[in-house]
>>> print(open('protein-v8.csv').read())   # CSV, C-alpha atoms
chain,number,residue,atom,x,y,z
Y,1,MET,CA,-74.8,-54.0,-44.0
Y,2,ASP,CA,-75.8,-50.4,-43.1
Y,3,SER,CA,-78.3,-50.3,-45.9
Y,4,ASP,CA,-80.3,-53.1,-44.4
Y,5,PRO,CA,-81.9,-52.0,-41.2
Y,6,THR,CA,-83.0,-55.5,-40.3
Y,7,VAL,CA,-79.4,-56.8,-39.9
Y,8,HIS,CA,-78.0,-55.8,-36.6
Y,9,ILE,CA,-75.4,-58.5,-36.0
Y,10,ASP,CA,-73.0,-60.4,-38.1
Y,11,PRO,CA,-74.2,-64.0,-38.1
Y,12,ALA,CA,-70.7,-65.3,-38.6
Y,13,ALA,CA,-69.5,-63.7,-35.4
Y,14,ARG,CA,-71.4,-66.0,-33.1
Y,15,PRO,CA,-73.0,-69.2,-34.3
Y,16,ARG,CA,-76.6,-69.8,-33.2
Y,17,PRO,CA,-77.2,-72.2,-30.4
Y,18,LEU,CA,-78.8,-75.5,-31.2
Y,19,SER,CA,-81.9,-76.3,-29.1
Y,20,PRO,CA,-81.4,-79.3,-26.9
Y,21,ASN,CA,-82.5,-82.7,-28.2
Y,22,ILE,CA,-81.6,-85.9,-26.4
Y,23,GLN,CA,-80.7,-83.9,-23.3
Y,24,ILE,CA,-84.3,-82.9,-22.7
Y,25,TYR,CA,-86.6,-85.1,-24.8
Y,26,ARG,CA,-88.7,-87.4,-22.6
Y,27,PRO,CA,-87.9,-91.1,-22.9
Y,28,GLN,CA,-91.0,-92.9,-24.3
Y,29,LEU,CA,-91.7,-96.6,-25.0
Y,30,THR,CA,-91.1,-95.8,-28.7
Y,31,SER,CA,-87.6,-94.4,-28.4
Y,32,VAL,CA,-86.6,-96.6,-25.4
Y,33,LEU,CA,-87.4,-99.9,-27.3
Y,34,SER,CA,-85.6,-98.6,-30.4
Y,35,ILE,CA,-82.4,-97.8,-28.5
Y,36,ALA,CA,-82.8,-101.1,-26.6
Y,37,ASN,CA,-83.0,-103.0,-30.0
Y,38,ARG,CA,-79.7,-101.3,-31.0
Y,39,ILE,CA,-77.9,-102.1,-27.7
Y,40,THR,CA,-79.1,-105.7,-27.6
Y,41,GLY,CA,-77.8,-106.0,-31.2
Y,42,VAL,CA,-74.4,-104.9,-30.1
Y,43,ILE,CA,-74.5,-107.3,-27.1
Y,44,LEU,CA,-75.5,-110.2,-29.3
Y,45,SER,CA,-72.5,-109.4,-31.6
Y,46,LEU,CA,-70.2,-109.6,-28.6
Y,47,GLY,CA,-72.1,-112.7,-27.4
Y,48,ALA,CA,-71.4,-114.4,-30.8
Y,49,VAL,CA,-67.7,-113.9,-30.2
Y,50,GLY,CA,-68.2,-115.6,-26.8
Y,51,LEU,CA,-70.0,-118.4,-28.5
Y,52,VAL,CA,-67.1,-119.0,-30.9
Y,53,ILE,CA,-64.6,-119.0,-27.9
Y,54,TRP,CA,-66.8,-121.6,-26.2
Y,55,LEU,CA,-67.0,-123.8,-29.3
Y,56,GLY,CA,-63.3,-123.3,-30.0
Y,57,ALA,CA,-62.5,-124.4,-26.5
Y,58,ALA,CA,-64.7,-127.5,-26.8
Y,59,SER,CA,-62.8,-128.5,-29.9
Y,60,ALA,CA,-59.4,-127.7,-28.4
Y,61,GLY,CA,-59.7,-130.3,-25.7
Y,62,PRO,CA,-60.8,-130.9,-22.1
Y,63,ARG,CA,-58.3,-128.5,-20.5
Y,64,ALA,CA,-59.4,-125.4,-22.6
Y,65,PHE,CA,-63.0,-126.4,-22.3
Y,66,GLY,CA,-62.7,-126.7,-18.5
Y,67,ALA,CA,-61.2,-123.3,-18.2
Y,68,VAL,CA,-64.0,-121.7,-20.3
Y,69,ARG,CA,-66.6,-123.7,-18.4
Y,70,GLY,CA,-65.1,-122.4,-15.1
Y,71,ILE,CA,-65.6,-118.8,-16.3
Y,72,VAL,CA,-69.1,-119.4,-17.7
Y,73,GLY,CA,-70.1,-121.3,-14.5
Y,74,SER,CA,-69.0,-118.5,-12.1
Y,75,TRP,CA,-71.4,-116.0,-10.7
Y,76,GLY,CA,-70.2,-113.3,-13.0
Y,77,GLY,CA,-70.4,-115.6,-16.0
Y,78,GLN,CA,-73.9,-116.6,-15.2
Y,79,ILE,CA,-75.0,-113.0,-14.8
Y,80,VAL,CA,-73.5,-112.1,-18.2
Y,81,LEU,CA,-75.1,-115.2,-19.7
Y,82,ALA,CA,-78.5,-114.3,-18.3
Y,83,GLY,CA,-78.0,-110.8,-19.7
Y,84,CYS,CA,-77.2,-112.3,-23.1
Y,85,THR,CA,-80.3,-114.5,-23.0
Y,86,PHE,CA,-82.5,-111.5,-22.3
Y,87,ALA,CA,-80.8,-109.5,-25.0
Y,88,TYR,CA,-81.4,-112.4,-27.4
Y,89,PHE,CA,-85.1,-112.5,-26.7
Y,90,LEU,CA,-85.6,-108.7,-26.7
Y,91,HIS,CA,-83.9,-108.5,-30.0
Y,92,LEU,CA,-85.9,-111.4,-31.4
Y,93,CYS,CA,-89.3,-110.1,-30.3
Y,94,GLY,CA,-88.3,-106.5,-31.4
Y,95,GLY,CA,-87.3,-107.9,-34.7
Y,96,LEU,CA,-90.7,-109.6,-35.2
Y,97,ARG,CA,-92.4,-106.2,-34.4
Y,98,HIS,CA,-90.2,-104.6,-37.1
Y,99,LEU,CA,-91.2,-107.4,-39.5
Y,100,ALA,CA,-94.9,-106.5,-39.0
Y,101,TRP,CA,-94.1,-102.8,-39.5
Y,102,ASP,CA,-92.3,-103.6,-42.8
Y,103,THR,CA,-95.6,-105.0,-44.1
Y,104,VAL,CA,-97.4,-101.7,-42.9
Y,105,HIS,CA,-99.2,-103.4,-40.0
Y,106,GLY,CA,-99.6,-102.3,-36.4
Y,107,PHE,CA,-99.1,-98.6,-36.8
Y,108,GLU,CA,-102.1,-97.4,-34.8
Y,109,LEU,CA,-100.7,-95.7,-31.7
Y,110,ARG,CA,-102.6,-98.1,-29.4
Y,111,THR,CA,-101.1,-101.1,-31.3
Y,112,ILE,CA,-97.6,-99.6,-31.2
Y,113,TYR,CA,-97.9,-99.4,-27.4
Y,114,ILE,CA,-99.5,-102.8,-26.9
Y,115,SER,CA,-96.9,-104.5,-29.2
Y,116,GLY,CA,-94.2,-102.6,-27.4
Y,117,TRP,CA,-95.2,-103.8,-23.9
Y,118,ALA,CA,-95.8,-107.3,-25.3
Y,119,VAL,CA,-92.2,-107.3,-26.5
Y,120,VAL,CA,-91.0,-106.4,-23.0
Y,121,ALA,CA,-93.2,-109.0,-21.3
Y,122,ALA,CA,-92.4,-111.7,-23.7
Y,123,SER,CA,-88.7,-111.2,-23.4
Y,124,ILE,CA,-88.8,-111.4,-19.7
Y,125,GLY,CA,-91.1,-114.5,-19.8
Y,126,LEU,CA,-88.9,-116.3,-22.4
Y,127,THR,CA,-85.7,-115.5,-20.5
Y,128,LEU,CA,-87.2,-116.9,-17.3
Y,129,ALA,CA,-88.5,-120.0,-19.2
Y,130,ALA,CA,-85.2,-120.6,-20.8
Y,131,TRP,CA,-83.3,-120.4,-17.5
Y,132,LEU,CA,-85.8,-122.6,-15.6
Y,133,ALA,CA,-85.7,-125.1,-18.4
Y,134,SER,CA,-81.9,-125.2,-18.3
Y,135,LEU,CA,-81.8,-125.4,-14.5
Y,136,PHE,CA,-84.5,-128.1,-14.0
Y,137,VAL,CA,-84.6,-130.0,-17.2
Y,138,ALA,CA,-81.0,-130.0,-18.3
Y,139,GLY,CA,-79.7,-129.9,-14.7
E,1,MET,CA,-99.2,-97.3,-19.9
E,2,ILE,CA,-101.0,-97.9,-23.2
E,3,VAL,CA,-101.2,-94.6,-25.2
E,4,GLU,CA,-104.4,-94.5,-27.3
E,5,SER,CA,-103.9,-91.2,-29.0
E,6,SER,CA,-101.1,-88.7,-29.3
E,7,ASP,CA,-102.9,-86.1,-27.2
E,8,GLN,CA,-102.6,-88.3,-24.1
E,9,VAL,CA,-100.2,-86.7,-21.7
E,10,ALA,CA,-97.9,-89.1,-19.9
E,11,ARG,CA,-98.9,-89.1,-16.2
E,12,PHE,CA,-96.0,-91.1,-15.1
E,13,THR,CA,-92.5,-91.9,-16.5
E,14,LEU,CA,-89.6,-93.6,-14.8
E,15,LEU,CA,-87.2,-91.1,-16.4
E,16,LYS,CA,-87.9,-87.5,-17.3
E,17,ARG,CA,-84.9,-87.5,-19.6
E,18,PHE,CA,-82.4,-90.0,-20.9
E,19,PRO,CA,-79.5,-90.6,-18.5
E,20,VAL,CA,-76.9,-88.7,-20.6
E,21,PRO,CA,-74.8,-85.8,-19.4
E,22,ARG,CA,-76.5,-82.4,-19.6
E,23,ASN,CA,-73.9,-81.2,-22.2
E,24,PHE,CA,-73.8,-84.5,-24.1
E,25,LYS,CA,-72.9,-83.6,-27.8
E,26,VAL,CA,-73.7,-79.9,-27.0
E,27,THR,CA,-71.6,-77.2,-28.7
E,28,PRO,CA,-70.1,-74.5,-26.4
E,29,GLN,CA,-72.5,-71.8,-27.6
E,30,SER,CA,-75.5,-74.1,-27.0
E,31,ARG,CA,-74.8,-74.8,-23.4
E,32,ILE,CA,-77.6,-73.7,-21.2
E,33,GLU,CA,-76.9,-71.5,-18.2
E,34,LYS,CA,-79.0,-70.5,-15.2
E,35,GLY,CA,-81.2,-67.6,-15.7
E,36,ARG,CA,-83.2,-65.5,-13.3
E,37,THR,CA,-86.5,-66.0,-11.5
E,38,TRP,CA,-89.4,-63.7,-12.1
E,39,PRO,CA,-91.6,-64.0,-9.0
E,40,ALA,CA,-95.4,-64.1,-9.0
E,41,PRO,CA,-97.3,-60.8,-8.4
E,42,VAL,CA,-97.9,-60.1,-4.7
E,43,GLY,CA,-101.2,-61.6,-3.6
E,44,ALA,CA,-101.4,-64.3,-6.2
E,45,SER,CA,-102.8,-67.4,-4.7
E,46,ARG,CA,-102.7,-70.0,-7.5
E,47,VAL,CA,-99.1,-69.9,-8.8
E,48,GLN,CA,-97.5,-72.2,-11.3
E,49,ALA,CA,-93.8,-72.0,-12.2
E,50,PHE,CA,-92.6,-72.2,-15.8
E,51,GLU,CA,-89.0,-72.9,-16.7
E,52,VAL,CA,-88.5,-71.2,-20.1
E,53,TYR,CA,-85.6,-71.4,-22.5
E,54,ARG,CA,-84.3,-68.0,-23.3
E,55,TYR,CA,-81.8,-66.9,-25.9
E,56,ASP,CA,-81.0,-63.3,-26.9
E,57,PRO,CA,-78.8,-63.1,-30.0
E,58,GLU,CA,-77.8,-59.6,-29.2
E,59,SER,CA,-76.6,-60.3,-25.7
E,60,HIS,CA,-73.6,-62.4,-26.9
E,61,ARG,CA,-74.4,-64.7,-24.0
E,62,ASN,CA,-75.4,-68.4,-23.9
E,63,PRO,CA,-79.0,-69.6,-23.7
E,64,ARG,CA,-80.4,-69.7,-20.2
E,65,ILE,CA,-83.4,-71.0,-18.3
E,66,ASP,CA,-85.6,-68.3,-16.7
E,67,ILE,CA,-88.3,-69.3,-14.2
E,68,PHE,CA,-91.6,-67.4,-14.5
E,69,GLU,CA,-94.2,-67.7,-11.7
E,70,VAL,CA,-97.6,-67.3,-13.4
E,71,ASP,CA,-100.8,-66.3,-11.5
E,72,LEU,CA,-103.2,-68.9,-12.8
E,73,ASP,CA,-106.3,-66.9,-11.6
E,74,ASP,CA,-105.2,-64.1,-14.0
E,75,CYS,CA,-104.4,-66.4,-17.0
E,76,GLY,CA,-106.2,-68.4,-19.6
E,77,PRO,CA,-106.1,-72.3,-19.5
E,78,MET,CA,-103.6,-73.1,-22.2
E,79,VAL,CA,-99.8,-73.0,-22.2
E,80,LEU,CA,-100.0,-70.3,-24.9
E,81,ASP,CA,-102.1,-68.2,-22.6
E,82,ALA,CA,-99.3,-68.5,-20.0
E,83,LEU,CA,-96.7,-67.3,-22.5
E,84,PHE,CA,-98.9,-64.3,-23.4
E,85,TRP,CA,-99.4,-63.6,-19.7
E,86,ILE,CA,-95.6,-63.6,-19.3
E,87,LYS,CA,-95.1,-61.4,-22.4
E,88,ASN,CA,-97.8,-58.9,-21.4
E,89,LYS,CA,-97.2,-58.7,-17.7
E,90,VAL,CA,-93.6,-59.7,-16.9
E,91,ASP,CA,-91.1,-59.7,-19.7
E,92,SER,CA,-92.1,-58.2,-23.0
E,93,THR,CA,-88.9,-59.4,-24.7
E,94,LEU,CA,-90.1,-63.1,-24.6
E,95,ALA,CA,-90.2,-64.2,-28.2
E,96,PHE,CA,-92.4,-67.0,-29.5
E,97,ARG,CA,-94.4,-67.8,-32.7
E,98,ARG,CA,-98.1,-68.0,-32.6
E,99,SER,CA,-101.1,-67.2,-34.9
E,100,CYS,CA,-104.4,-69.2,-34.8
E,101,ARG,CA,-104.4,-70.2,-31.1
E,102,GLU,CA,-106.5,-73.2,-32.0
E,103,GLY,CA,-104.2,-75.9,-33.3
E,104,VAL,CA,-104.7,-75.1,-37.0
E,105,CYS,CA,-101.6,-73.1,-38.0
E,106,GLY,CA,-98.7,-75.0,-36.3
E,107,SER,CA,-96.8,-71.9,-35.4
E,108,CYS,CA,-96.6,-72.4,-31.6
E,109,ALA,CA,-95.0,-75.9,-31.8
E,110,MET,CA,-92.5,-76.2,-29.0
E,111,ASN,CA,-91.1,-78.7,-26.5
E,112,LEU,CA,-93.4,-78.9,-23.5
E,113,ASP,CA,-92.3,-81.0,-20.6
E,114,GLY,CA,-90.0,-83.0,-22.8
E,115,THR,CA,-92.2,-83.7,-25.8
E,116,ASN,CA,-93.2,-81.6,-28.8
E,117,TRP,CA,-96.7,-80.2,-29.0
E,118,LEU,CA,-98.6,-77.0,-29.8
E,119,ALA,CA,-98.7,-74.5,-26.9
E,120,CYS,CA,-102.2,-73.5,-27.8
E,121,THR,CA,-103.7,-77.0,-27.4
E,122,ARG,CA,-101.9,-78.1,-24.2
E,123,PHE,CA,-103.7,-77.3,-20.9
E,124,ILE,CA,-101.5,-75.8,-18.2
E,125,SER,CA,-103.2,-78.3,-15.8
E,126,ASP,CA,-101.6,-81.1,-17.9
E,127,MET,CA,-98.1,-79.7,-17.3
E,128,SER,CA,-95.6,-80.7,-14.7
E,129,LYS,CA,-94.9,-78.5,-11.7
E,130,PRO,CA,-92.7,-76.7,-12.5
E,131,ALA,CA,-93.5,-76.8,-16.2
E,132,SER,CA,-90.7,-76.7,-18.7
E,133,ILE,CA,-90.8,-75.0,-22.1
E,134,TYR,CA,-88.1,-75.3,-24.6
E,135,PRO,CA,-88.1,-74.5,-28.3
E,136,LEU,CA,-88.6,-77.4,-30.8
E,137,ALA,CA,-85.7,-79.8,-30.3
E,138,ASN,CA,-82.5,-79.8,-32.4
E,139,LEU,CA,-83.0,-76.6,-34.3
E,140,PRO,CA,-80.8,-73.4,-34.6
E,141,ILE,CA,-82.4,-70.8,-32.4
E,142,LEU,CA,-83.1,-67.3,-33.6
E,143,LYS,CA,-84.5,-66.0,-30.3
E,144,ASP,CA,-86.0,-67.6,-27.2
E,145,LEU,CA,-88.7,-70.1,-28.4
E,146,VAL,CA,-88.3,-69.2,-32.1
E,147,PRO,CA,-86.3,-71.8,-34.1
E,148,ASP,CA,-84.9,-71.4,-37.6
E,149,THR,CA,-86.9,-73.8,-39.8
E,150,THR,CA,-85.2,-72.9,-43.1
E,151,HIS,CA,-83.6,-76.4,-43.4
E,152,LEU,CA,-86.9,-78.2,-42.6
E,153,PHE,CA,-88.7,-76.2,-45.3
E,154,ALA,CA,-85.9,-76.9,-47.8
E,155,GLN,CA,-86.4,-80.6,-47.1
E,156,TYR,CA,-90.1,-80.1,-47.6
E,157,GLU,CA,-89.5,-78.4,-50.9
E,158,MET,CA,-87.2,-81.3,-52.0
E,159,ILE,CA,-90.1,-83.7,-52.1
E,160,GLU,CA,-91.9,-81.3,-54.6
E,161,PRO,CA,-95.2,-81.0,-52.7
E,162,TRP,CA,-97.3,-80.2,-55.7
E,163,LEU,CA,-99.2,-82.1,-58.4
E,164,HIS,CA,-97.1,-83.5,-61.2
E,165,ALA,CA,-99.3,-84.1,-64.3
E,166,LYS,CA,-98.1,-85.4,-67.7
E,167,THR,CA,-101.5,-85.9,-69.3
E,168,PRO,CA,-103.0,-82.8,-70.9
E,169,THR,CA,-104.9,-80.5,-68.7
E,170,PRO,CA,-108.6,-81.5,-68.7
E,171,GLU,CA,-111.3,-79.0,-69.4
E,172,LYS,CA,-112.6,-79.3,-65.8
E,173,GLU,CA,-111.0,-80.7,-62.7
E,174,ARG,CA,-108.9,-83.8,-62.5
E,175,LEU,CA,-111.5,-86.2,-61.1
E,176,GLN,CA,-111.1,-88.6,-58.2
E,177,SER,CA,-113.5,-91.1,-56.9
E,178,PRO,CA,-114.4,-90.9,-53.2
E,179,GLU,CA,-112.4,-94.1,-52.8
E,180,GLU,CA,-109.3,-92.6,-54.4
E,181,ARG,CA,-109.8,-89.4,-52.4
E,182,SER,CA,-109.9,-91.3,-49.1
E,183,GLN,CA,-106.3,-92.6,-49.8
E,184,ILE,CA,-104.9,-89.2,-48.7
E,185,ASP,CA,-107.0,-89.0,-45.5
E,186,GLY,CA,-104.7,-88.8,-42.5
E,187,TYR,CA,-101.9,-87.3,-44.6
E,188,TYR,CA,-103.3,-84.1,-46.2
E,189,GLU,CA,-104.1,-82.7,-42.8
E,190,CYS,CA,-100.4,-82.0,-41.9
E,191,ILE,CA,-99.9,-78.4,-40.8
E,192,LEU,CA,-96.1,-78.5,-41.0
E,193,CYS,CA,-95.5,-77.7,-37.4
E,194,PHE,CA,-92.5,-80.0,-37.5
E,195,CYS,CA,-93.1,-81.5,-34.1
E,196,CYS,CA,-92.4,-84.9,-35.6
E,197,THR,CA,-89.2,-84.1,-37.4
E,198,SER,CA,-87.9,-82.2,-34.4
E,199,GLY,CA,-88.7,-85.2,-32.1
E,200,CYS,CA,-87.1,-87.8,-34.4
E,201,PRO,CA,-83.7,-89.1,-33.0
E,202,SER,CA,-82.7,-90.2,-36.4
E,203,HIS,CA,-83.2,-86.7,-37.7
E,204,TRP,CA,-81.1,-85.4,-34.8
E,205,TRP,CA,-78.1,-87.4,-35.8
E,206,ASN,CA,-78.6,-87.4,-39.6
E,207,GLY,CA,-80.8,-84.4,-40.2
E,208,GLU,CA,-78.6,-83.0,-43.0
E,209,ARG,CA,-79.4,-85.9,-45.3
E,210,PHE,CA,-82.4,-87.7,-43.8
E,211,LEU,CA,-85.6,-85.9,-44.8
E,212,GLY,CA,-87.4,-86.6,-41.6
E,213,PRO,CA,-91.0,-87.6,-40.9
E,214,ALA,CA,-92.7,-84.3,-41.8
E,215,ALA,CA,-91.3,-84.2,-45.3
E,216,LEU,CA,-91.7,-87.9,-45.8
E,217,LEU,CA,-95.4,-87.9,-44.8
E,218,GLN,CA,-95.9,-85.2,-47.4
E,219,ALA,CA,-94.0,-87.3,-49.9
E,220,TRP,CA,-96.5,-90.1,-49.3
E,221,ARG,CA,-99.4,-87.7,-49.5
E,222,TRP,CA,-98.4,-87.1,-53.2
E,223,LEU,CA,-97.5,-90.8,-53.9
E,224,ALA,CA,-101.0,-91.8,-52.6
E,225,ASP,CA,-102.8,-89.2,-54.7
E,226,SER,CA,-104.4,-90.8,-57.7
E,227,ARG,CA,-104.1,-87.7,-59.8
E,228,ASP,CA,-100.3,-87.5,-59.4
E,229,GLU,CA,-98.4,-88.9,-62.4
E,230,ALA,CA,-94.8,-88.8,-61.2
E,231,LYS,CA,-94.6,-91.8,-58.9
E,232,GLU,CA,-91.5,-93.2,-60.5
E,233,GLU,CA,-89.6,-89.9,-60.3
E,234,ARG,CA,-90.7,-89.4,-56.7
E,235,LEU,CA,-89.6,-92.8,-55.7
E,236,ASN,CA,-86.3,-92.4,-57.5
E,237,ALA,CA,-85.6,-89.2,-55.6
E,238,LEU,CA,-86.5,-90.9,-52.3
E,239,GLU,CA,-84.7,-94.3,-52.7
E,240,ASP,CA,-81.5,-93.3,-50.9
E,241,PRO,CA,-79.7,-94.7,-47.9
E,242,PHE,CA,-80.2,-91.4,-46.1
E,243,ARG,CA,-83.2,-89.5,-47.4
E,244,LEU,CA,-85.7,-92.4,-46.8
E,245,TYR,CA,-83.9,-95.2,-45.1
E,246,ARG,CA,-82.5,-93.4,-42.1
E,247,CYS,CA,-86.0,-94.0,-40.7
E,248,HIS,CA,-85.6,-96.8,-38.2
E,249,THR,CA,-89.3,-96.9,-37.2
E,250,ILE,CA,-88.6,-95.3,-33.8
E,251,LEU,CA,-92.1,-93.8,-34.0
E,252,ASN,CA,-91.6,-90.8,-31.8
E,253,CYS,CA,-93.2,-89.0,-34.8
E,254,THR,CA,-96.5,-90.8,-34.5
E,255,ARG,CA,-96.4,-90.4,-30.7
E,256,THR,CA,-96.0,-86.6,-30.9
E,257,CYS,CA,-98.1,-85.5,-33.8
E,258,PRO,CA,-100.5,-82.8,-32.5
E,259,LYS,CA,-102.9,-83.5,-35.3
E,260,GLY,CA,-103.0,-87.3,-34.6
E,261,LEU,CA,-101.5,-88.1,-38.0
E,262,ASN,CA,-99.2,-91.1,-38.6
E,263,PRO,CA,-95.8,-90.2,-40.2
E,264,GLY,CA,-94.5,-93.6,-39.2
E,265,ARG,CA,-97.1,-95.4,-41.3
E,266,ALA,CA,-96.6,-93.0,-44.2
E,267,ILE,CA,-92.9,-93.8,-44.3
E,268,ALA,CA,-93.6,-97.6,-44.1
E,269,GLU,CA,-96.0,-97.2,-47.0
E,270,ILE,CA,-93.2,-95.5,-49.1
E,271,LYS,CA,-90.7,-98.3,-48.2
E,272,LYS,CA,-93.3,-100.9,-49.3
E,273,MET,CA,-94.0,-99.0,-52.5
E,274,VAL,CA,-90.3,-98.9,-53.3
E,275,ILE,CA,-90.1,-102.7,-52.9
E,276,GLU,CA,-93.3,-103.4,-54.8
E,277,ARG,CA,-92.0,-101.6,-57.9
E,278,GLY,CA,-89.0,-103.9,-57.8
E,279,GLY,CA,-86.5,-101.3,-56.5
>>> encode(input="protein-v8.csv", output="structure tokens")
Amino acid sequence: MDSDPTVHIDPAARPRPLSPNIQIYRPQLTSVLSIANRITGVILSLGAVGLVIWLGAASAGPRAFGAVRGIVGSWGGQIVLAGCTFAYFLHLCGGLRHLAWDTVHGFELRTIYISGWAVVAASIGLTLAAWLASLFVAG
Amino acid sequence: MIVESSDQVARFTLLKRFPVPRNFKVTPQSRIEKGRTWPAPVGASRVQAFEVYRYDPESHRNPRIDIFEVDLDDCGPMVLDALFWIKNKVDSTLAFRRSCREGVCGSCAMNLDGTNWLACTRFISDMSKPASIYPLANLPILKDLVPDTTHLFAQYEMIEPWLHAKTPTPEKERLQSPEERSQIDGYYECILCFCCTSGCPSHWWNGERFLGPAALLQAWRWLADSRDEAKEERLNALEDPFRLYRCHTILNCTRTCPKGLNPGRAIAEIKKMVIERGG
């Protein structure tokens, strides 16, 4: 150690700090939509369990179905269902965007931003359309 | 907002940072503490505050944020000028890398107001008030704004960034048509500043094994080169769940490249080439 004048401290004594990453990096459309695609994927997995419970109750008979229907029809149930609908459309539209990228299309920065905002707008529009259809058409 | 090119500075964002705790996934020695404030010289009329990440390996203390008040009437227009002003007039111990001061060398890459860019090509007038300056994200810090890039260059070396030729050396150059030459446009210009790799969340979580956008853009630069004769070997080395496929097309890389290059597209081209060869 003494023979090397450039070494003043033992690197093992105190590990170097890691510069901050997620704690300081600015959220951008790119990263926000990416994490949103992950989160909606998780929500849809949980939603699939809910769908199985709903179908299972329907096959189990009127009492079980009535109970599940009561939960789904409540305010809380409706809000969760609306969230699942939005998650479904966001994940679907995001998936189509990824499909285009897999064929090496749409990588210009301008296109990335236009397609990103289009995914957001389309998911909101499709969610509203699905709910209006279910309320007014299906009753 | 529609971003047309990477040099566009975000004028407005809902969130300056992700809603995670300040010390989320932060090791004890990386926790950032409050530093001191260095006031502007008496009589300065146009003052801009800079919050700067400081770390002194010899102090045996944690990193801290110092606030420097810079007299803009006495300072050049770029963020790098402000760093020089601080180093020359306030605190000579401030450490940062720089060389060309015109966006060619890539030395002064750092995190400015939350995104990675070169300090020499960002105007002070485009910074927030106060401005925040951190080292490139997610790297071991040697001192202040100087990160240890050993691992990033090791990853660069791994893609073997040189021409692999099997055919005998011709008497003159290995020729390329203008058409073939144009295939590496947008890729050969990389200056290895590592803004992209340091801004890639996938590299934050899997940087040990995922090569990251900078190295992968270079990998594509050689795959796209008509003179290179080792495409199979290059693709074999890349086809791996981590090295290549930890890229989830987040595209922070393309958003942040100070040279306006497109690492995201380069990686998509590699993935497509792997599929097209029947891999």
>>> atom_distance(input="protein-v8.csv", atom1="atom CA of E:Ala165", atom2="atom CA of E:Leu211")
23.9 Å
>>> residues_around(input="protein-v8.csv", residues="stretch 121-123 of chain E", least_positions_apart="5", cutoff="10 Å", atoms="all atoms listed in the file", output="PyMOL selection string")
chain E and resi 7+9+76-82+101-104+108-109+112+258
>>> closest_residue(input="protein-v8.csv", among="E:Gln176, E:Ser198, E:Gln48, E:Asn206", to="chain Y", atoms="only C-alpha atoms")
E:Ser198
>>> closest_residue(input="protein-v8.csv", among="E:Gly114, E:Gly186, E:Pro241, E:Gly35", to="chain Y", atoms="only C-alpha atoms")
E:Gly114
>>> interface_residues(input="protein-v8.csv", of="chain Y", to="chain E", cutoff="8 Å", atoms="only C-alpha atoms", output="ChimeraX atom specification")
/Y:9,14-28,30-31,34,98,101-104,107-110,113-114
>>> closest_residue(input="protein-v8.csv", among="E:Ile67, E:Val47, E:Ala230, E:Leu118", to="E:Gly106", atoms="all atoms listed in the file")
E:Leu118
>>> atom_distance(input="protein-v8.csv", atom1="atom CA of E:Cys120", atom2="atom CA of E:Arg98")
8.4 Å
>>> residues_around(input="protein-v8.csv", residues="stretch 67-70 of chain Y", least_positions_apart="4", cutoff="9 Å", atoms="all atoms listed in the file", output="list of chain:residue names")
Y:Ile53, Y:Trp54, Y:Ala57, Y:Ala58, Y:Pro62, Y:Arg63, Y:Ser74, Y:Gly77
>>> closest_residue(input="protein-v8.csv", among="Y:Cys93, Y:Leu29, Y:Ile39, Y:Ala100", to="Y:Ile124", atoms="all atoms listed in the file")
Y:Cys93
>>> residues_around(input="protein-v8.csv", residues="E:Val70", least_positions_apart="3", cutoff="12 Å", atoms="only C-alpha atoms", output="VMD selection string")
chain E and resid 37 to 52 67 73 to 77 79 81 to 91 124 129 to 131
>>> closest_residue(input="protein-v8.csv", among="E:Glu160, E:Glu171, E:Glu179, E:Glu208", to="E:Leu223", atoms="all atoms listed in the file")
E:Glu160
>>> atom_distance(input="protein-v8.csv", atom1="atom CA of E:Ala219", atom2="atom CA of E:Glu189")
13.2 Å
>>> residues_around(input="protein-v8.csv", residues="E:Glu239", least_positions_apart="2", cutoff="12 Å", atoms="all atoms listed in the file", output="list in words")
Ile159, Phe210, Leu211, Leu216, Ala219, Lys231, Glu232, Glu233, Arg234, Leu235, Asn236, Ala237, Pro241, Phe242, Arg243, Leu244, Tyr245, Arg246, Ile267, Ile270, Lys271, Lys272, Met273, Val274, Ile275, Arg277, Gly278 and Gly279 of chain E
>>> residues_around(input="protein-v8.csv", residues="Y:Gly94", least_positions_apart="5", cutoff="9 Å", atoms="only C-alpha atoms", output="list in words")
Leu33, Ser34, Asn37, Phe89, Leu99, Gly116, Val119 and Val120 of chain Y
>>> closest_residue(input="protein-v8.csv", among="Y:Arg97, Y:Thr111, Y:Phe136, Y:Tyr88", to="Y:Ser45", atoms="only C-alpha atoms")
Y:Tyr88
>>> decode(input="protein-v8.csv", residues="stretch 72-87 of chain E", atoms="C-alpha atoms", output="short mmCIF file (atom, residue, chain, number, x, y, z; two decimals), in the first residue's frame")
data_model
loop_
_atom_site.label_atom_id
_atom_site.label_comp_id
_atom_site.auth_asym_id
_atom_site.auth_seq_id
_atom_site.Cartn_x
_atom_site.Cartn_y
_atom_site.Cartn_z
CA LEU E 72 -25.29 34.34 -13.50
CA ASP E 73 -23.85 37.72 -14.62
CA ASP E 74 -20.39 36.33 -13.89
CA CYS E 75 -20.91 32.89 -15.43
CA GLY E 76 -21.18 31.31 -18.90
CA PRO E 77 -24.52 30.06 -20.26
CA MET E 78 -24.18 26.29 -19.82
CA VAL E 79 -24.48 24.08 -16.74
CA LEU E 80 -20.82 23.10 -17.18
CA ASP E 81 -19.93 26.80 -16.93
CA ALA E 82 -21.77 26.95 -13.62
CA LEU E 83 -19.79 23.96 -12.34
CA PHE E 84 -16.55 25.67 -13.39
CA TRP E 85 -17.70 28.88 -11.71
CA ILE E 86 -18.31 26.96 -8.48
CA LYS E 87 -14.98 25.14 -8.70
#
